[in-house]
>>> print(open('entry_13.cif').read())   # mmCIF, C-alpha atoms
data_input
#
loop_
_atom_site.label_atom_id
_atom_site.label_comp_id
_atom_site.auth_asym_id
_atom_site.auth_seq_id
_atom_site.Cartn_x
_atom_site.Cartn_y
_atom_site.Cartn_z
CA MET A 1 0.00 0.00 0.00
CA ASP A 2 2.86 2.40 0.80
CA GLN A 3 4.33 1.80 -2.65
CA PHE A 4 0.94 2.36 -4.25
CA LEU A 5 0.53 5.70 -2.47
CA GLN A 6 4.02 6.78 -3.52
CA HIS A 7 3.30 6.02 -7.16
CA LEU A 8 -0.04 7.79 -6.88
CA LEU A 9 1.67 10.93 -5.59
CA ASN A 10 4.29 10.79 -8.34
CA GLY A 11 1.54 10.43 -10.94
CA LEU A 12 -0.35 13.42 -9.55
CA VAL A 13 2.76 15.60 -9.79
CA LEU A 14 3.36 14.68 -13.43
CA GLY A 15 -0.35 14.77 -14.21
CA SER A 16 -0.67 18.37 -13.04
CA THR A 17 1.81 19.54 -15.70
CA TYR A 18 0.28 17.23 -18.31
CA ALA A 19 -3.03 18.93 -17.55
CA LEU A 20 -1.52 22.37 -18.24
CA LEU A 21 -0.19 21.08 -21.57
CA GLY A 22 -3.46 19.44 -22.55
CA ILE A 23 -5.63 22.40 -21.57
CA GLY A 24 -3.51 24.82 -23.60
CA LEU A 25 -3.73 22.65 -26.71
CA THR A 26 -7.43 21.84 -26.41
CA LEU A 27 -8.29 25.50 -25.76
CA ILE A 28 -6.70 26.51 -29.07
CA PHE A 29 -8.32 23.66 -30.97
CA GLY A 30 -11.72 24.01 -29.31
CA ILE A 31 -12.12 27.71 -30.09
CA MET A 32 -9.99 28.25 -33.21
CA ARG A 33 -10.04 24.76 -34.71
CA VAL A 34 -6.26 25.07 -35.13
CA VAL A 35 -4.09 21.99 -34.61
CA ASN A 36 -1.08 23.58 -32.93
CA PHE A 37 1.88 21.39 -33.86
CA ALA A 38 4.20 23.97 -32.26
CA HIS A 39 2.70 23.40 -28.81
CA GLY A 40 5.62 21.23 -27.71
CA GLU A 41 8.10 23.89 -28.82
CA LEU A 42 6.36 26.44 -26.62
CA TYR A 43 6.82 23.97 -23.77
CA THR A 44 10.53 23.77 -24.70
CA LEU A 45 10.70 27.55 -24.84
CA GLY A 46 9.53 27.75 -21.24
CA ALA A 47 12.15 25.23 -20.18
CA TYR A 48 14.94 27.17 -21.88
CA ILE A 49 13.71 30.41 -20.33
CA ALA A 50 14.09 28.75 -16.93
CA TYR A 51 17.58 27.57 -17.87
CA GLY A 52 18.63 30.98 -19.16
CA VAL A 53 17.30 32.89 -16.17
CA VAL A 54 18.52 30.49 -13.47
CA SER A 55 21.71 28.93 -14.85
CA VAL A 56 23.02 31.66 -17.15
CA LEU A 57 21.83 34.88 -15.52
CA ASN A 58 21.86 33.43 -11.97
CA LEU A 59 18.47 34.94 -11.20
CA ASN A 60 15.54 33.62 -9.19
CA PHE A 61 13.64 30.55 -10.39
CA PHE A 62 10.35 32.21 -9.48
CA ALA A 63 11.25 35.11 -11.78
CA ALA A 64 11.88 32.50 -14.49
CA LEU A 65 8.34 31.14 -14.07
CA PHE A 66 6.90 34.64 -14.41
CA LEU A 67 9.02 35.37 -17.50
CA ALA A 68 8.05 32.04 -19.05
CA ALA A 69 4.37 32.91 -18.63
CA VAL A 70 4.79 36.41 -20.07
CA ILE A 71 7.07 35.42 -22.96
CA GLY A 72 4.86 32.44 -23.80
CA LEU A 73 1.88 34.79 -23.84
CA GLY A 74 3.70 37.21 -26.13
CA VAL A 75 5.03 34.56 -28.53
CA GLY A 76 1.58 33.00 -28.82
CA ALA A 77 -0.01 36.37 -29.56
CA ILE A 78 2.63 37.12 -32.22
CA ILE A 79 2.15 33.73 -33.91
CA GLU A 80 -1.61 34.23 -34.07
CA TYR A 81 -1.46 37.86 -35.18
CA ILE A 82 1.22 37.49 -37.86
CA LEU A 83 0.68 33.97 -39.18
CA LEU A 84 -2.97 33.11 -38.51
CA ARG A 85 -4.96 36.37 -38.27
CA ARG A 86 -5.33 36.83 -42.03
CA ARG A 87 -5.68 33.15 -42.86
CA ASP A 88 -8.82 31.16 -43.43
CA LEU A 89 -8.71 28.84 -40.44
CA GLY A 90 -11.07 26.56 -42.30
CA ALA A 91 -8.25 25.80 -44.76
CA ILE A 92 -6.92 23.00 -42.55
CA ASP A 93 -4.02 21.97 -44.80
CA GLU A 94 -2.62 25.49 -45.01
CA VAL A 95 -2.90 26.12 -41.28
CA MET A 96 -1.32 22.76 -40.46
CA LEU A 97 1.65 23.55 -42.72
CA ILE A 98 2.06 26.94 -41.04
CA MET A 99 2.13 25.41 -37.57
CA ILE A 100 4.54 22.66 -38.67
CA GLY A 101 6.77 25.41 -40.07
CA VAL A 102 6.62 27.27 -36.75
CA MET A 103 7.58 24.06 -34.94
CA ILE A 104 10.60 23.48 -37.20
CA VAL A 105 11.78 27.09 -36.95
CA MET A 106 11.47 27.19 -33.16
CA GLN A 107 13.22 23.86 -32.66
CA ASN A 108 16.14 24.79 -34.90
CA ALA A 109 16.41 28.24 -33.32
CA GLU A 110 16.71 26.58 -29.90
CA LEU A 111 19.30 24.17 -31.27
CA LEU A 112 21.30 27.04 -32.79
CA MET A 113 21.15 29.16 -29.63
CA TRP A 114 21.71 26.52 -26.94
CA GLY A 115 23.35 23.61 -28.79
CA GLY A 116 22.28 19.98 -28.74
CA ILE A 117 23.68 19.09 -25.32
CA ALA A 118 21.11 18.64 -22.55
CA LYS A 119 21.09 21.35 -19.89
CA ALA A 120 20.36 21.02 -16.19
CA VAL A 121 18.44 23.62 -14.19
CA PRO A 122 19.30 23.64 -10.47
CA SER A 123 16.40 23.30 -8.05
CA PRO A 124 15.73 26.38 -5.91
CA PHE A 125 14.82 24.12 -2.98
CA SER A 126 16.61 21.76 -0.64
CA GLN A 127 17.33 18.23 -1.83
CA GLU A 128 16.00 16.78 1.43
CA LEU A 129 12.79 14.86 0.92
CA LEU A 130 9.52 15.91 2.51
CA VAL A 131 7.98 12.93 4.29
CA PHE A 132 4.22 12.62 4.77
CA GLY A 133 3.51 9.36 6.51
CA PRO A 134 4.27 6.52 4.09
CA VAL A 135 5.14 8.76 1.13
CA ALA A 136 8.03 11.10 0.37
CA ILE A 137 8.44 13.84 -2.21
CA SER A 138 11.17 16.28 -3.12
CA PRO A 139 10.40 19.98 -2.43
CA ILE A 140 10.64 20.88 -6.13
CA ARG A 141 8.05 18.25 -7.07
CA MET A 142 5.75 19.46 -4.30
CA PHE A 143 6.17 23.00 -5.62
CA VAL A 144 5.36 21.86 -9.16
CA LEU A 145 2.20 20.13 -7.95
CA CYS A 146 1.00 23.12 -5.92
CA ILE A 147 1.68 25.73 -8.61
CA ALA A 148 0.12 23.61 -11.36
CA LEU A 149 -3.02 23.01 -9.29
CA ILE A 150 -3.28 26.74 -8.48
CA LEU A 151 -2.95 27.59 -12.18
CA LEU A 152 -5.62 25.04 -13.09
CA VAL A 153 -8.03 26.58 -10.57
CA ILE A 154 -7.27 30.12 -11.79
CA PHE A 155 -7.75 29.04 -15.40
CA TYR A 156 -11.07 27.41 -14.55
CA MET A 157 -12.26 30.60 -12.86
CA VAL A 158 -11.21 32.67 -15.87
CA ILE A 159 -13.17 30.46 -18.25
CA GLU A 160 -16.25 30.12 -16.05
CA ARG A 161 -16.47 33.48 -14.26
CA SER A 162 -14.81 36.21 -16.36
CA ARG A 163 -16.02 38.20 -19.37
CA LEU A 164 -13.11 36.81 -21.37
CA GLY A 165 -14.21 33.27 -20.56
CA LEU A 166 -17.78 34.14 -21.55
CA ALA A 167 -16.52 35.55 -24.86
CA MET A 168 -14.45 32.42 -25.46
CA ARG A 169 -17.39 30.11 -24.78
CA ALA A 170 -19.66 32.20 -26.98
CA THR A 171 -17.11 32.09 -29.82
CA PHE A 172 -16.83 28.33 -29.47
CA GLN A 173 -20.59 27.81 -29.60
CA ASP A 174 -21.30 30.12 -32.55
CA LYS A 175 -18.70 32.49 -33.96
CA ASP A 176 -21.17 34.44 -36.11
CA ALA A 177 -23.68 34.87 -33.29
CA ALA A 178 -20.86 36.03 -31.01
CA LYS A 179 -19.94 38.72 -33.54
CA ILE A 180 -23.56 39.90 -33.66
CA VAL A 181 -23.70 40.47 -29.90
CA GLY A 182 -20.46 42.44 -29.94
CA VAL A 183 -17.72 39.90 -29.28
CA ASN A 184 -14.45 40.82 -30.97
CA VAL A 185 -13.70 37.35 -32.34
CA SER A 186 -10.26 38.31 -33.68
CA ARG A 187 -9.23 39.49 -30.23
CA VAL A 188 -10.62 36.33 -28.66
CA TYR A 189 -8.55 34.26 -31.08
CA THR A 190 -5.37 36.18 -30.18
CA LEU A 191 -6.00 35.85 -26.44
CA THR A 192 -6.88 32.18 -26.83
CA PHE A 193 -3.68 31.33 -28.67
CA ALA A 194 -1.63 33.47 -26.30
CA LEU A 195 -3.15 31.89 -23.19
CA GLY A 196 -2.71 28.35 -24.50
CA SER A 197 0.91 29.10 -25.38
CA SER A 198 1.55 30.61 -21.96
CA LEU A 199 0.27 27.48 -20.21
CA ALA A 200 2.62 25.31 -22.28
CA ALA A 201 5.61 27.58 -21.50
CA VAL A 202 4.84 27.54 -17.78
CA ALA A 203 4.62 23.73 -17.83
CA GLY A 204 8.06 23.59 -19.44
CA ALA A 205 9.55 26.02 -16.91
CA LEU A 206 8.04 24.12 -13.99
CA LEU A 207 9.52 20.80 -15.10
CA ALA A 208 12.93 22.21 -16.10
CA PRO A 209 14.51 21.54 -12.67
CA VAL A 210 12.90 18.09 -12.53
CA PHE A 211 14.21 16.85 -15.89
CA VAL A 212 16.95 17.99 -18.27
CA VAL A 213 16.36 20.58 -21.00
CA ASN A 214 17.12 19.81 -24.66
CA PRO A 215 15.91 21.11 -28.06
CA THR A 216 13.90 17.98 -28.91
CA MET A 217 12.05 17.66 -25.60
CA GLY A 218 9.02 19.28 -27.22
CA ASP A 219 8.51 16.33 -29.59
CA LEU A 220 7.39 13.96 -26.85
CA ALA A 221 5.54 16.78 -25.06
CA SER A 222 3.50 17.41 -28.22
CA LEU A 223 2.64 13.74 -28.55
CA LYS A 224 1.52 13.60 -24.94
CA ALA A 225 -0.52 16.79 -25.33
CA PHE A 226 -2.35 15.37 -28.34
CA ALA A 227 -2.86 12.11 -26.45
CA ILE A 228 -4.39 14.04 -23.55
CA VAL A 229 -6.72 15.90 -25.90
CA ILE A 230 -7.86 12.57 -27.35
CA LEU A 231 -8.44 11.13 -23.89
CA GLY A 232 -10.42 14.14 -22.73
CA GLY A 233 -12.37 14.70 -25.93
CA LEU A 234 -11.63 17.35 -28.56
CA GLY A 235 -12.38 20.83 -27.22
CA ASN A 236 -13.26 19.61 -23.72
CA LEU A 237 -11.20 21.63 -21.21
CA LYS A 238 -12.30 19.70 -18.14
CA GLY A 239 -11.68 16.48 -20.03
CA ALA A 240 -8.17 17.68 -20.94
CA ALA A 241 -7.37 18.29 -17.26
CA LEU A 242 -8.69 14.85 -16.28
CA GLY A 243 -6.97 13.28 -19.29
CA GLY A 244 -3.63 14.73 -18.19
CA PHE A 245 -3.91 13.14 -14.77
CA ALA A 246 -5.19 9.87 -16.26
CA LEU A 247 -2.27 9.58 -18.70
CA ALA A 248 0.30 10.37 -16.01
CA LEU A 249 -1.17 7.79 -13.62
CA VAL A 250 -1.24 5.12 -16.33
CA GLU A 251 2.41 5.84 -17.16
CA GLU A 252 3.49 5.86 -13.50
CA PHE A 253 1.76 2.64 -12.51
CA GLY A 254 2.71 0.96 -15.78
CA ALA A 255 6.37 1.84 -15.31
CA SER A 256 6.27 0.70 -11.69
CA TYR A 257 4.43 -2.60 -12.06
CA ILE A 258 5.35 -3.60 -15.62
CA SER A 259 8.59 -1.98 -16.82
CA THR A 260 10.11 1.49 -16.85
CA ALA A 261 11.31 0.79 -20.41
CA TYR A 262 7.69 0.87 -21.58
CA ARG A 263 6.53 3.97 -19.67
CA ASP A 264 5.60 5.97 -22.77
CA ALA A 265 4.48 2.93 -24.77
CA ILE A 266 1.96 1.93 -22.09
CA GLY A 267 0.41 5.39 -22.12
CA PHE A 268 0.03 5.44 -25.89
CA LEU A 269 -1.34 1.88 -25.89
CA VAL A 270 -4.13 3.12 -23.62
CA ILE A 271 -4.76 5.96 -26.09
CA LEU A 272 -5.14 3.46 -28.94
CA VAL A 273 -7.64 1.43 -26.90
CA VAL A 274 -9.63 4.58 -26.13
CA MET A 275 -9.68 5.56 -29.82
CA VAL A 276 -11.03 2.14 -30.76
CA PHE A 277 -13.76 1.83 -28.12
CA ARG A 278 -14.54 5.47 -27.31
CA PRO A 279 -13.25 7.72 -30.11
CA GLN A 280 -15.10 10.75 -28.72
CA GLY A 281 -12.91 10.65 -25.59
CA LEU A 282 -13.40 9.45 -22.04
CA PHE A 283 -14.77 12.71 -20.66
CA THR A 284 -16.74 14.14 -23.56
CA THR A 285 -19.72 16.33 -22.68
CA LYS A 286 -22.16 18.24 -24.81
CA GLN A 287 -20.71 21.54 -23.62
CA ARG A 288 -17.04 21.21 -24.45
CA VAL A 289 -15.30 24.52 -23.86
CA GLY A 290 -15.87 25.51 -20.26
#
>>> encode(input="entry_13.cif", output="structure tokens")
Amino acid sequence: MDQFLQHLLNGLVLGSTYALLGIGLTLIFGIMRVVNFAHGELYTLGAYIAYGVVSVLNLNFFAALFLAAVIGLGVGAIIEYILLRRRDLGAIDEVMLIMIGVMIVMQNAELLMWGGIAKAVPSPFSQELLVFGPVAISPIRMFVLCIALILLVIFYMVIERSRLGLAMRATFQDKDAAKIVGVNVSRVYTLTFALGSSLAAVAGALLAPVFVVNPTMGDLASLKAFAIVILGGLGNLKGAALGGFALALVEEFGASYISTAYRDAIGFLVILVVMVFRPQGLFTTKQRVG
């Protein structure tokens, strides 16, 4: 039982960041119908921001998190405004090629700037484990869990309680009707892409001290984000959050009780099973965004 609880805690820590990744991707798809292939590179961007701020500039890790959120927000807004604003988002092939191009450019820019060698970001906390009864957790992982959960709650409140969230949900339900009642759909699109990008960058910055940072880390992050979206149901924000935790728990328990060599394979096997028996996702509801 002690081992089970330890694995459960580890899965919750990883699942909280998976949820941030999945929510950012599903938000963009749900409202804009844009498949953001560059989502993993925005995650990588956040990780490199943490590395640059902490390891190169010797500044505070908490400042790195703030900068990752702000820069991710800005980069997302720029991508939407320059590359997508004047495009017909219904032209799926064209938009997909644009986002693949953004992914390639960002990945190679990171490789050119930082090189191909993995970088380590020092933890701002003590290495001594925090012990809670039968389970133990490092301070940095506890911090990651707490911050990710706080961000998920804030994001939920924004979507459900703010005027911006109302505008986003209205745009999702009927873009033309939203325009009639005064919603600036173009601005909603920019804020949507920016917010989704910011969540991905923050997830990368949070996990930078936990794992190593390298230019190709976004590839697997993108695959996991798409897997989470499939688990939760396309456009379903609550489903994306639950899907993130579900995927992380499957990976953690699979690695622990089957083999660590198949950690990622086990998670994707579950995705394939879900696609066969429940292609609409595990947590699909009639009202998706919100």
>>> atom_distance(input="entry_13.cif", atom1="CA of Ile79 (chain A)", atom2="CA of Leu149 (chain A)")
27.3 Å
>>> resolve_selection(input="entry_13.cif", expression="the PyMOL selection byres ((chain A and resi 184-191) around 12)", output="VMD selection string")
chain A and resid 24 27 to 34 72 to 87 89 163 to 172 174 to 183 192 to 198
>>> resolve_selection(input="entry_13.cif", expression="the PyMOL selection byres ((chain A and resi 225) around 9)", output="PyMOL selection string")
chain A and resi 18-19+21-26+39-40+220-224+226-230+240+244
>>> resolve_selection(input="entry_13.cif", expression="the PyMOL selection byres ((chain A and resi 109-114) around 10)", output="ChimeraX atom specification")
/A:41,44-45,48,52,103-108,115-119,213-216
>>> atom_distance(input="entry_13.cif", atom1="CA of Ala64 (chain A)", atom2="CA of Ala201 (chain A)")
10.6 Å
>>> residues_around(input="entry_13.cif", residues="Ser126 (chain A)", least_positions_apart="4", cutoff="12 Å", atoms="only C-alpha atoms", output="PyMOL selection string")
chain A and resi 122+130+137-143
>>> atom_distance(input="entry_13.cif", atom1="CA of Leu207 (chain A)", atom2="CA of Ser123 (chain A)")
10.2 Å
>>> closest_residue(input="entry_13.cif", among="A:Val13, A:Val135, A:Ala38, A:Ile150", to="Met99 (chain A)", atoms="all atoms listed in the file")
A:Ala38
>>> closest_residue(input="entry_13.cif", among="A:Ala68, A:Leu231, A:Ile100, A:Leu249", to="Leu9 (chain A)", atoms="only C-alpha atoms")
A:Leu249
>>> closest_residue(input="entry_13.cif", among="A:Phe125, A:Ile49, A:Phe277, A:Met96", to="Val70 (chain A)", atoms="all atoms listed in the file")
A:Ile49
>>> closest_residue(input="entry_13.cif", among="A:Gly133, A:Ala248, A:Ala69, A:Ala208", to="Leu151 (chain A)", atoms="only C-alpha atoms")
A:Ala69
>>> closest_residue(input="entry_13.cif", among="A:Leu206, A:Asn60, A:Leu242, A:Val273", to="Cys146 (chain A)", atoms="only C-alpha atoms")
A:Leu206
>>> closest_residue(input="entry_13.cif", among="A:Val212, A:Leu145, A:Leu234, A:Leu269", to="Gly11 (chain A)", atoms="all atoms listed in the file")
A:Leu145
>>> decode(input="entry_13.cif", residues="region 121-149 of chain A", atoms="N, CA, C and O atoms", output="CSV table (one decimal), in the first residue's frame")
chain,number,residue,atom,x,y,z
A,121,VAL,N,18.9,22.4,-14.9
A,121,VAL,CA,18.4,23.6,-14.2
A,121,VAL,C,18.4,23.3,-12.7
A,121,VAL,O,17.7,22.4,-12.3
A,122,PRO,N,19.2,24.0,-11.9
A,122,PRO,CA,19.3,23.6,-10.5
A,122,PRO,C,18.0,24.0,-9.8
A,122,PRO,O,17.3,24.9,-10.1
A,123,SER,N,17.6,23.1,-8.8
A,123,SER,CA,16.4,23.3,-8.1
A,123,SER,C,16.6,24.4,-7.1
A,123,SER,O,17.7,24.6,-6.4
A,124,PRO,N,15.6,25.3,-6.9
A,124,PRO,CA,15.7,26.4,-5.9
A,124,PRO,C,15.5,25.9,-4.5
A,124,PRO,O,15.6,26.7,-3.5
A,125,PHE,N,15.2,24.6,-4.3
A,125,PHE,CA,14.8,24.1,-3.0
A,125,PHE,C,15.9,23.1,-2.5
A,125,PHE,O,16.7,22.7,-3.2
A,126,SER,N,15.7,22.8,-1.2
A,126,SER,CA,16.6,21.8,-0.6
A,126,SER,C,16.4,20.4,-1.3
A,126,SER,O,15.3,20.1,-1.8
A,127,GLN,N,17.4,19.6,-1.3
A,127,GLN,CA,17.3,18.2,-1.8
A,127,GLN,C,16.7,17.2,-0.8
A,127,GLN,O,16.5,16.1,-1.2
A,128,GLU,N,16.5,17.7,0.4
A,128,GLU,CA,16.0,16.8,1.4
A,128,GLU,C,14.5,16.5,1.2
A,128,GLU,O,13.7,17.4,0.9
A,129,LEU,N,14.2,15.3,1.2
A,129,LEU,CA,12.8,14.9,0.9
A,129,LEU,C,11.8,15.3,2.0
A,129,LEU,O,12.2,15.3,3.2
A,130,LEU,N,10.6,15.6,1.6
A,130,LEU,CA,9.5,15.9,2.5
A,130,LEU,C,8.8,14.6,2.7
A,130,LEU,O,8.4,13.9,1.8
A,131,VAL,N,8.6,14.2,4.0
A,131,VAL,CA,8.0,12.9,4.3
A,131,VAL,C,6.6,13.2,4.9
A,131,VAL,O,6.4,13.9,5.8
A,132,PHE,N,5.6,12.6,4.3
A,132,PHE,CA,4.2,12.6,4.8
A,132,PHE,C,3.7,11.2,5.0
A,132,PHE,O,3.2,10.5,4.1
A,133,GLY,N,3.9,10.7,6.2
A,133,GLY,CA,3.5,9.4,6.5
A,133,GLY,C,4.3,8.4,5.7
A,133,GLY,O,5.5,8.3,5.7
A,134,PRO,N,3.6,7.6,4.9
A,134,PRO,CA,4.3,6.5,4.1
A,134,PRO,C,4.9,7.0,2.8
A,134,PRO,O,5.5,6.2,2.1
A,135,VAL,N,4.7,8.3,2.4
A,135,VAL,CA,5.1,8.8,1.1
A,135,VAL,C,6.2,9.9,1.3
A,135,VAL,O,6.2,10.6,2.4
A,136,ALA,N,7.0,10.0,0.3
A,136,ALA,CA,8.0,11.1,0.4
A,136,ALA,C,8.1,11.8,-1.0
A,136,ALA,O,7.8,11.2,-2.0
A,137,ILE,N,8.4,13.1,-1.0
A,137,ILE,CA,8.4,13.8,-2.2
A,137,ILE,C,9.5,14.9,-2.1
A,137,ILE,O,9.7,15.5,-1.0
A,138,SER,N,10.2,15.2,-3.2
A,138,SER,CA,11.2,16.3,-3.1
A,138,SER,C,10.4,17.6,-3.1
A,138,SER,O,9.3,17.8,-3.6
A,139,PRO,N,11.0,18.7,-2.5
A,139,PRO,CA,10.4,20.0,-2.4
A,139,PRO,C,10.1,20.5,-3.8
A,139,PRO,O,9.0,21.2,-4.0
A,140,ILE,N,10.9,20.3,-4.8
A,140,ILE,CA,10.6,20.9,-6.1
A,140,ILE,C,9.4,20.2,-6.7
A,140,ILE,O,8.6,20.9,-7.4
A,141,ARG,N,9.2,18.9,-6.5
A,141,ARG,CA,8.0,18.3,-7.1
A,141,ARG,C,6.8,18.7,-6.3
A,141,ARG,O,5.7,18.8,-7.0
A,142,MET,N,6.9,18.9,-5.0
A,142,MET,CA,5.8,19.5,-4.3
A,142,MET,C,5.4,20.9,-4.8
A,142,MET,O,4.2,21.2,-5.0
A,143,PHE,N,6.4,21.7,-5.1
A,143,PHE,CA,6.2,23.0,-5.6
A,143,PHE,C,5.5,22.9,-7.0
A,143,PHE,O,4.5,23.7,-7.2
A,144,VAL,N,6.0,22.0,-7.8
A,144,VAL,CA,5.4,21.9,-9.2
A,144,VAL,C,3.9,21.5,-9.0
A,144,VAL,O,3.0,22.1,-9.7
A,145,LEU,N,3.6,20.6,-8.1
A,145,LEU,CA,2.2,20.1,-8.0
A,145,LEU,C,1.3,21.3,-7.5
A,145,LEU,O,0.2,21.5,-8.0
A,146,CYS,N,1.8,22.0,-6.5
A,146,CYS,CA,1.0,23.1,-5.9
A,146,CYS,C,0.8,24.2,-6.9
A,146,CYS,O,-0.4,24.7,-7.1
A,147,ILE,N,1.8,24.7,-7.6
A,147,ILE,CA,1.7,25.7,-8.6
A,147,ILE,C,0.8,25.3,-9.8
A,147,ILE,O,-0.1,26.1,-10.2
A,148,ALA,N,1.0,24.1,-10.2
A,148,ALA,CA,0.1,23.6,-11.4
A,148,ALA,C,-1.3,23.6,-11.0
A,148,ALA,O,-2.2,24.0,-11.7
A,149,LEU,N,-1.6,23.1,-9.8
A,149,LEU,CA,-3.0,23.0,-9.3
A,149,LEU,C,-3.6,24.4,-9.1
A,149,LEU,O,-4.8,24.7,-9.5
